[in-house]
$ cat structure-v9.txt   # compact mmCIF, C-alpha atoms
# COMPACT_ATOMS: atom_id res chain seq x y z
CA MET A 1007 -0.82 -4.15 10.85
CA SER A 1008 2.40 -2.41 9.90
CA VAL A 1009 3.60 -1.46 6.43
CA VAL A 1010 7.24 -2.18 5.66
CA LEU A 1011 8.81 -0.29 2.75
CA ALA A 1012 12.18 -1.78 1.84
CA LYS A 1013 14.31 -2.31 -1.26
CA GLY A 1014 11.49 -1.70 -3.71
CA HIS A 1015 9.07 -3.94 -1.80
CA THR A 1016 5.95 -3.10 0.14
CA LEU A 1017 5.09 -5.67 2.81
CA PHE A 1018 2.22 -5.69 5.24
CA VAL A 1019 2.89 -7.40 8.56
CA ALA A 1020 0.13 -8.39 10.99
CA ASP A 1021 -0.59 -8.50 13.87
CA THR A 1022 1.99 -6.09 15.20
CA SER A 1023 0.20 -4.63 18.21
CA VAL A 1024 -3.03 -6.24 19.43
CA THR A 1025 -3.27 -10.05 19.77
CA GLU A 1026 -0.40 -11.40 21.85
CA MET A 1027 -0.76 -15.14 21.19
CA PRO A 1028 -3.44 -15.64 18.52
CA ASP A 1029 -5.27 -18.92 18.17
CA ALA A 1030 -6.46 -20.23 14.80
CA GLU A 1031 -9.64 -18.12 14.83
CA ASP A 1032 -7.63 -15.01 15.65
CA LEU A 1033 -5.18 -15.75 12.83
CA VAL A 1034 -8.09 -16.03 10.38
CA GLU A 1035 -9.54 -12.73 11.59
CA ILE A 1036 -6.13 -11.06 11.32
CA ALA A 1037 -5.59 -12.43 7.79
CA VAL A 1038 -9.03 -11.39 6.54
CA GLY A 1039 -8.74 -7.91 8.09
CA ALA A 1040 -5.24 -7.39 6.72
CA ALA A 1041 -6.27 -8.60 3.25
CA GLN A 1042 -9.21 -6.18 3.23
CA ALA A 1043 -6.97 -3.29 4.30
CA VAL A 1044 -4.38 -4.17 1.65
CA LYS A 1045 -7.08 -4.20 -1.04
CA THR A 1046 -8.27 -0.78 0.17
CA LEU A 1047 -4.72 0.48 -0.29
CA GLY A 1048 -4.74 -0.73 -3.91
CA TYR A 1049 -2.78 -3.99 -3.61
CA ALA A 1050 -3.82 -7.56 -4.44
CA PRO A 1051 -3.18 -9.43 -1.19
CA ARG A 1052 -1.03 -12.56 -1.25
CA VAL A 1053 -1.10 -13.75 2.35
CA ALA A 1054 1.57 -15.99 3.87
CA PHE A 1055 1.33 -17.39 7.38
CA MET A 1056 4.80 -17.22 8.88
CA SER A 1057 6.24 -19.98 11.02
CA TYR A 1058 9.47 -21.60 12.09
CA SER A 1059 8.15 -24.71 10.35
CA THR A 1060 7.35 -25.28 6.71
CA PHE A 1061 4.19 -27.24 5.91
CA GLY A 1062 4.37 -29.26 9.14
CA ASN A 1063 8.10 -29.83 9.35
CA PRO A 1064 9.00 -29.67 12.21
CA MET A 1065 5.60 -29.89 13.87
CA GLY A 1066 4.81 -27.84 16.97
CA GLN A 1067 2.02 -26.14 18.89
CA ARG A 1068 2.32 -22.81 17.03
CA SER A 1069 2.43 -24.47 13.61
CA GLU A 1070 -0.70 -26.50 14.42
CA LYS A 1071 -2.62 -23.25 14.98
CA VAL A 1072 -1.42 -21.91 11.63
CA ILE A 1073 -2.39 -25.14 9.84
CA GLU A 1074 -5.84 -24.90 11.42
CA ALA A 1075 -6.19 -21.26 10.32
CA VAL A 1076 -5.34 -22.15 6.72
CA SER A 1077 -7.90 -24.96 6.82
CA MET A 1078 -10.52 -22.53 8.14
CA LEU A 1079 -9.79 -20.12 5.28
CA ASP A 1080 -10.17 -23.02 2.83
CA GLU A 1081 -13.69 -23.59 4.17
CA MET A 1082 -14.55 -19.88 4.01
CA GLY A 1083 -13.74 -19.48 0.31
CA VAL A 1084 -12.08 -16.08 0.70
CA ASP A 1085 -11.26 -13.92 -2.33
CA PHE A 1086 -7.52 -13.56 -1.81
CA GLU A 1087 -4.47 -15.79 -2.14
CA TYR A 1088 -3.07 -17.36 1.02
CA GLU A 1089 -0.71 -20.11 2.06
CA GLY A 1090 1.12 -21.36 5.10
CA GLU A 1091 2.76 -22.25 7.28
CA MET A 1092 6.13 -21.26 5.89
CA SER A 1093 9.42 -19.49 6.40
CA PRO A 1094 9.99 -15.93 5.14
CA GLU A 1095 12.24 -17.01 2.25
CA LEU A 1096 9.50 -19.25 0.81
CA ALA A 1097 6.95 -16.50 1.20
CA LEU A 1098 9.06 -13.79 -0.38
CA GLU A 1099 11.22 -15.66 -2.92
CA PRO A 1100 9.16 -17.74 -5.38
CA GLU A 1101 12.30 -19.29 -6.89
CA ARG A 1102 12.81 -21.19 -3.59
CA ARG A 1103 9.49 -23.01 -4.02
CA VAL A 1104 10.76 -25.70 -6.38
CA ASN A 1105 10.28 -28.37 -3.69
CA TYR A 1106 6.74 -27.12 -2.95
CA PRO A 1107 4.86 -27.29 -6.29
CA PHE A 1108 1.53 -27.39 -4.43
CA MET A 1109 1.88 -23.82 -3.14
CA ARG A 1110 -1.05 -21.60 -4.02
CA LEU A 1111 0.67 -18.21 -4.06
CA THR A 1112 1.15 -16.90 -7.61
CA GLY A 1113 3.99 -14.57 -6.64
CA PRO A 1114 5.82 -13.23 -3.63
CA ALA A 1115 3.67 -12.76 -0.55
CA ASN A 1116 2.95 -9.18 0.37
CA VAL A 1117 0.98 -9.84 3.57
CA LEU A 1118 2.86 -11.69 6.30
CA ILE A 1119 0.73 -13.05 9.13
CA MET A 1120 2.94 -13.59 12.15
CA PRO A 1121 2.27 -16.39 14.67
CA ALA A 1122 2.46 -14.02 17.67
CA ILE A 1123 2.80 -10.33 18.48
CA HIS A 1124 6.40 -10.65 19.63
CA SER A 1125 7.54 -12.17 16.32
CA ALA A 1126 5.78 -9.39 14.41
CA ALA A 1127 7.23 -6.62 16.58
CA ILE A 1128 10.74 -8.08 16.50
CA SER A 1129 10.64 -8.59 12.73
CA THR A 1130 9.47 -5.10 11.86
CA GLN A 1131 11.87 -3.44 14.30
CA LEU A 1132 14.76 -5.58 13.04
CA VAL A 1133 14.31 -4.71 9.37
CA GLN A 1134 13.87 -1.06 10.29
CA SER A 1135 17.02 -0.98 12.43
CA ILE A 1136 19.37 -3.10 10.35
CA GLY A 1137 17.82 -3.26 6.91
CA GLY A 1138 17.12 0.43 6.50
CA ALA A 1139 13.40 -0.17 5.91
CA THR A 1140 10.71 2.37 6.63
CA VAL A 1141 7.95 1.02 8.87
CA ILE A 1142 4.58 2.74 8.90
CA GLY A 1143 2.31 1.83 11.76
CA PRO A 1144 1.13 -0.06 13.53
CA ILE A 1145 -2.14 0.71 11.78
CA LEU A 1146 -5.31 -0.12 13.70
CA LEU A 1147 -7.79 -2.09 11.58
CA GLY A 1148 -11.43 -3.01 11.93
CA LEU A 1149 -12.68 -0.09 14.00
CA SER A 1150 -15.93 1.72 13.24
CA LYS A 1151 -14.13 5.10 13.33
CA ALA A 1152 -10.89 6.22 11.72
CA VAL A 1153 -8.43 6.15 14.62
CA GLN A 1154 -4.66 5.75 14.66
CA ILE A 1155 -2.29 5.94 17.61
CA ALA A 1156 1.10 7.63 17.63
CA PRO A 1157 3.35 7.09 20.65
CA LEU A 1158 4.34 10.08 22.79
CA SER A 1159 7.88 9.80 21.42
CA ALA A 1160 6.69 9.92 17.78
CA SER A 1161 8.53 12.17 15.35
CA VAL A 1162 6.69 14.79 13.32
CA SER A 1163 7.02 12.46 10.31
CA LYS A 1164 5.41 9.56 12.21
CA ILE A 1165 2.54 11.79 13.41
CA LEU A 1166 1.94 12.97 9.83
CA GLN A 1167 1.95 9.35 8.59
CA MET A 1168 -0.62 8.30 11.17
CA ALA A 1169 -2.81 11.38 10.55
CA THR A 1170 -2.72 10.72 6.81
CA LEU A 1171 -3.72 7.10 7.35
CA ALA A 1172 -6.61 8.15 9.61
CA ALA A 1173 -7.82 10.70 7.03
CA TYR A 1174 -7.61 8.14 4.22
CA GLU A 1175 -9.46 5.56 6.32
CA GLN A 1176 -12.17 8.11 7.14
CA ASP A 1177 -12.66 8.77 3.40
CA VAL A 1178 -13.00 5.01 2.81
CA LEU A 1179 -15.48 4.62 5.69
CA GLU A 1180 -17.60 7.51 4.40
CA ALA A 1181 -17.57 6.11 0.86
CA GLN A 1182 -18.80 2.74 2.18
CA SER A 1183 -21.76 4.26 4.03
$ encode --input "structure-v9.txt" --output "structure tokens"
Amino acid sequence: MSVVLAKGHTLFVADTSVTEMPDAEDLVEIAVGAAQAVKTLGYAPRVAFMSYSTFGNPMGQRSEKVIEAVSMLDEMGVDFEYEGEMSPELALEPERRVNYPFMRLTGPANVLIMPAIHSAAISTQLVQSIGGATVIGPILLGLSKAVQIAPLSASVSKILQMATLAAYEQDVLEAQS
């Protein structure tokens, strides 16, 4: 997962570095893991599954996997808001939802589940390059130890961010045991 800080918004984008082409089960695992991490960071997760289609229009192979993931979450009875499949403007701008009164999100999404790793990587790099956003991560989730990875080319700031995240995660892991 990556954290995007831009224009007064904090967004969490997943999966930005592990699962190349997730199937429905992977998408569910990514959404649940991201929602748990977001809660740990003090936010109420509102999860939106991103897609080129909006609620089945137009239909395609990637949107079918997202629809299946949402259905699986319905059966699980999770304790966070989620909806999908949808475009970014529907996820982030509630005023655009007038034609979708059935949507379950009570406000703008803050967790964006991408349909594939390339869409997540492109999106986060694009907003960082053009939009002036700060991107923290990718943050590794779901490991039994607090571990984060900084690339060899990482700046001092990036290394400090990742070390801080690892230390915070270690505190959370110790508090849970």
$ atom_distance --input "structure-v9.txt" --atom1 "atom CA of Val1019 of chain A" --atom2 "atom CA of Gln1131 of chain A"
11.4 Å
$ closest_atom_pairs --input "structure-v9.txt" --of "segment 1009-1098 of chain A" --to "segment 1105-1112 of chain A" --cutoff "7 Å" --atoms "only C-alpha atoms" --output "Markdown table"
| residue | atom | partner | partner_atom | distance |
| --- | --- | --- | --- | --- |
| A:Arg1052 | CA | A:Leu1111 | CA | 6.5 |
| A:Glu1087 | CA | A:Leu1111 | CA | 6.0 |
| A:Tyr1088 | CA | A:Leu1111 | CA | 6.4 |
| A:Glu1089 | CA | A:Arg1110 | CA | 6.3 |
$ residues_around --input "structure-v9.txt" --residues "segment 1136-1150 of chain A" --least-positions-apart "4" --cutoff "7 Å" --atoms "all atoms listed in the file" --output "short mmCIF file (atom, residue, chain, number, x, y, z; two decimals) with C-alpha atoms, in the coordinates of the input"
data_model
loop_
_atom_site.label_atom_id
_atom_site.label_comp_id
_atom_site.auth_asym_id
_atom_site.auth_seq_id
_atom_site.Cartn_x
_atom_site.Cartn_y
_atom_site.Cartn_z
CA MET A 1007 -0.82 -4.15 10.85
CA SER A 1008 2.40 -2.41 9.90
CA VAL A 1009 3.60 -1.46 6.43
CA VAL A 1010 7.24 -2.18 5.66
CA LEU A 1011 8.81 -0.29 2.75
CA ALA A 1012 12.18 -1.78 1.84
CA THR A 1022 1.99 -6.09 15.20
CA SER A 1023 0.20 -4.63 18.21
CA GLY A 1039 -8.74 -7.91 8.09
CA THR A 1130 9.47 -5.10 11.86
CA LEU A 1132 14.76 -5.58 13.04
CA GLN A 1154 -4.66 5.75 14.66
#
$ residues_around --input "structure-v9.txt" --residues "His1124 of chain A" --least-positions-apart "3" --cutoff "10 Å" --atoms "all atoms listed in the file" --output "PyMOL selection string"
chain A and resi 1021-1023+1025-1027+1120-1121+1127-1129
$ closest_residue --input "structure-v9.txt" --among "A:Ala1169, A:Phe1018, A:Val1038, A:Pro1114" --to "Gly1083 of chain A" --atoms "only C-alpha atoms"
A:Val1038
